[in-house]
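Take a look at the structure set out below.
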Amino acid sequence: MFGVRLIGCIGILLLASACATPISVIQLDSQTAQRELTQNVLTAGVPSRFSQIVLNRTDLYARFAEDPSGLWTLHTEVASGRRGSNALFALAELSFLHAERGKQPAYYLAAAVYAYAYLFPRPGARPGALRSPFS
């Protein structure tokens with residue numbers, strides 16, 4: 001009799017735990033949601049989600065947090081043609097962030113060059129012709 005009750009209790013506990021939702025939702029007001037979705041270097045002083053995705057895809061996210069000179073790795077991938085215009089955008093934003101943190105004029109110039117290459121691509125040209133201040 002005790003074994004049947006024990007099995008019944010275990011069954012009820014398993015059934016109850018299976019009904020719990022592993023994902024929850026937090027309701028935000030529209031202004032907070034917009035601010036979080038559109039934060040970037042200029043508005044919040046942190047890389048945008050877009051640049052974070054590029055860093056994650058290139059496996060440079062942790063490296064950039066410790067050593068921003070990891071941007072050179074991303075630059076060489078863009079210059080070799082392995083990365084496209086998405087990486088150029090990230091390079092522009094992350095160079096600006098590094099310039100703001102370290103007050104190094106070379107990184108401001110790099111941000112401007114990468115942004116220009118992103119906004120005004122020449123047909124057939126690769127950004128590898130750009131010299132990087134990271135070297």
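Within each chain, counting starts at residue 1; across the structure tokens, chains are named A, B, ... in the order shown, with ligands numbered 1 upward in that order.
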
- Per DSSP on the backbone, filter stretch 45-89 of chain A down to the residues in alpha helix (DSSP H) and report them as an MDAnalysis selection string. chainID A and resid 49:57 61:66 71:79 85:89

Stretch 70-129 of chain A residues near stretch 48-53 of chain A within 8 Å, closest pair each, using only C-alpha atoms, as JSON lines:
```
{"residue": "A:Ala87", "atom": "CA", "partner": "A:Ser51", "partner_atom": "CA", "distance": 7.8}
{"residue": "A:Phe89", "atom": "CA", "partner": "A:Ser51", "partner_atom": "CA", "distance": 7.5}
{"residue": "A:Ala90", "atom": "CA", "partner": "A:Ser51", "partner_atom": "CA", "distance": 4.7}
{"residue": "A:Glu93", "atom": "CA", "partner": "A:Ser51", "partner_atom": "CA", "distance": 7.4}
{"residue": "A:Leu94", "atom": "CA", "partner": "A:Ser51", "partner_atom": "CA", "distance": 7.6}
```

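Coordinates place atom CA of A:Ala110 at a distance of 8.3 Å from atom CA of A:Leu91.
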
- Message: One decimal, in Å: what's the spacing between atom CA of A:Tyr114 and atom CA of A:Tyr61?
- Response: 19.1 Å

Give me the stretch 90-128 of chain A side of the contact with stretch 31-43 of chain A, cut-off 12 Å, one line per residue showing its nearest atom pair and distance in Å at one decimal, counting only C-alpha atoms, sorted by chain and residue number, as JSON lines.
```
{"residue": "A:Ala90", "atom": "CA", "partner": "A:Val41", "partner_atom": "CA", "distance": 10.7}
{"residue": "A:Ala92", "atom": "CA", "partner": "A:Val41", "partner_atom": "CA", "distance": 10.4}
{"residue": "A:Glu93", "atom": "CA", "partner": "A:Val41", "partner_atom": "CA", "distance": 6.8}
{"residue": "A:Leu94", "atom": "CA", "partner": "A:Val41", "partner_atom": "CA", "distance": 8.0}
{"residue": "A:Ser95", "atom": "CA", "partner": "A:Val41", "partner_atom": "CA", "distance": 10.1}
{"residue": "A:Phe96", "atom": "CA", "partner": "A:Val41", "partner_atom": "CA", "distance": 7.7}
{"residue": "A:Leu97", "atom": "CA", "partner": "A:Val41", "partner_atom": "CA", "distance": 6.1}
{"residue": "A:His98", "atom": "CA", "partner": "A:Val41", "partner_atom": "CA", "distance": 9.9}
{"residue": "A:Ala99", "atom": "CA", "partner": "A:Val41", "partner_atom": "CA", "distance": 10.9}
{"residue": "A:Glu100", "atom": "CA", "partner": "A:Val41", "partner_atom": "CA", "distance": 9.2}
{"residue": "A:Arg101", "atom": "CA", "partner": "A:Val41", "partner_atom": "CA", "distance": 10.8}
{"residue": "A:Ala111", "atom": "CA", "partner": "A:Val41", "partner_atom": "CA", "distance": 11.8}
```

- Query: Using only C-alpha atoms, which residue out of A:Pro123, A:Pro105, A:Ser30, A:Val46 lies closest to A:Ala65?
  - Reply: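 Ranking A:Pro123, A:Pro105, A:Ser30, A:Val46 by distance to A:Ala65, first place goes to A:Val46.
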
- Identify, on the basis of only C-alpha atoms, every residue whose closest approach to A:Asp59 does not exceed 12 Å; exclude the query and any residue fewer than 4 positions from it along the same chain; express the result as a ChimeraX atom specification. /A:52-55,63-65,70-71,73-74

Deliver the residues from the most recent selection as a file, using N, CA, C and O atoms, as a PDB file, in the first residue's frame.
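Result written to out-v6.pdb:
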```pdb
ATOM      1  N   GLN A  52      27.431  43.031 -31.350  1.00  0.00           N
ATOM      2  CA  GLN A  52      27.639  41.887 -30.471  1.00  0.00           C
ATOM      3  C   GLN A  52      27.435  40.577 -31.224  1.00  0.00           C
ATOM      4  O   GLN A  52      28.177  39.610 -31.015  1.00  0.00           O
ATOM      5  N   ILE A  53      26.466  40.554 -32.121  1.00  0.00           N
ATOM      6  CA  ILE A  53      26.228  39.352 -32.922  1.00  0.00           C
ATOM      7  C   ILE A  53      27.421  39.079 -33.830  1.00  0.00           C
ATOM      8  O   ILE A  53      27.866  37.937 -33.967  1.00  0.00           O
ATOM      9  N   VAL A  54      27.951  40.130 -34.463  1.00  0.00           N
ATOM     10  CA  VAL A  54      29.126  39.959 -35.325  1.00  0.00           C
ATOM     11  C   VAL A  54      30.298  39.425 -34.508  1.00  0.00           C
ATOM     12  O   VAL A  54      30.999  38.509 -34.955  1.00  0.00           O
ATOM     13  N   LEU A  55      30.520  39.980 -33.324  1.00  0.00           N
ATOM     14  CA  LEU A  55      31.608  39.484 -32.470  1.00  0.00           C
ATOM     15  C   LEU A  55      31.390  38.034 -32.055  1.00  0.00           C
ATOM     16  O   LEU A  55      32.336  37.247 -32.021  1.00  0.00           O
ATOM     17  N   ARG A  63      37.184  38.151 -26.340  1.00  0.00           N
ATOM     18  CA  ARG A  63      38.485  38.772 -26.598  1.00  0.00           C
ATOM     19  C   ARG A  63      38.371  40.289 -26.680  1.00  0.00           C
ATOM     20  O   ARG A  63      39.230  41.009 -26.188  1.00  0.00           O
ATOM     21  N   PHE A  64      37.310  40.790 -27.302  1.00  0.00           N
ATOM     22  CA  PHE A  64      37.146  42.241 -27.406  1.00  0.00           C
ATOM     23  C   PHE A  64      36.935  42.859 -26.033  1.00  0.00           C
ATOM     24  O   PHE A  64      37.424  43.946 -25.762  1.00  0.00           O
ATOM     25  N   ALA A  65      36.223  42.169 -25.150  1.00  0.00           N
ATOM     26  CA  ALA A  65      35.993  42.700 -23.809  1.00  0.00           C
ATOM     27  C   ALA A  65      37.309  42.833 -23.040  1.00  0.00           C
ATOM     28  O   ALA A  65      37.492  43.783 -22.281  1.00  0.00           O
ATOM     29  N   GLY A  70      41.700  43.167 -30.534  1.00  0.00           N
ATOM     30  CA  GLY A  70      41.156  42.046 -31.302  1.00  0.00           C
ATOM     31  C   GLY A  70      40.410  42.513 -32.539  1.00  0.00           C
ATOM     32  O   GLY A  70      40.046  41.718 -33.399  1.00  0.00           O
ATOM     33  N   LEU A  71      40.193  43.821 -32.626  1.00  0.00           N
ATOM     34  CA  LEU A  71      39.569  44.378 -33.835  1.00  0.00           C
ATOM     35  C   LEU A  71      40.426  44.097 -35.062  1.00  0.00           C
ATOM     36  O   LEU A  71      39.910  44.006 -36.169  1.00  0.00           O
ATOM     37  N   THR A  73      41.894  41.394 -35.794  1.00  0.00           N
ATOM     38  CA  THR A  73      41.487  40.087 -36.311  1.00  0.00           C
ATOM     39  C   THR A  73      40.256  40.230 -37.194  1.00  0.00           C
ATOM     40  O   THR A  73      40.197  39.649 -38.277  1.00  0.00           O
ATOM     41  N   LEU A  74      39.296  40.996 -36.741  1.00  0.00           N
ATOM     42  CA  LEU A  74      38.085  41.225 -37.539  1.00  0.00           C
ATOM     43  C   LEU A  74      38.432  41.984 -38.814  1.00  0.00           C
ATOM     44  O   LEU A  74      37.903  41.685 -39.887  1.00  0.00           O
TER      45      LEU A  74
END
```
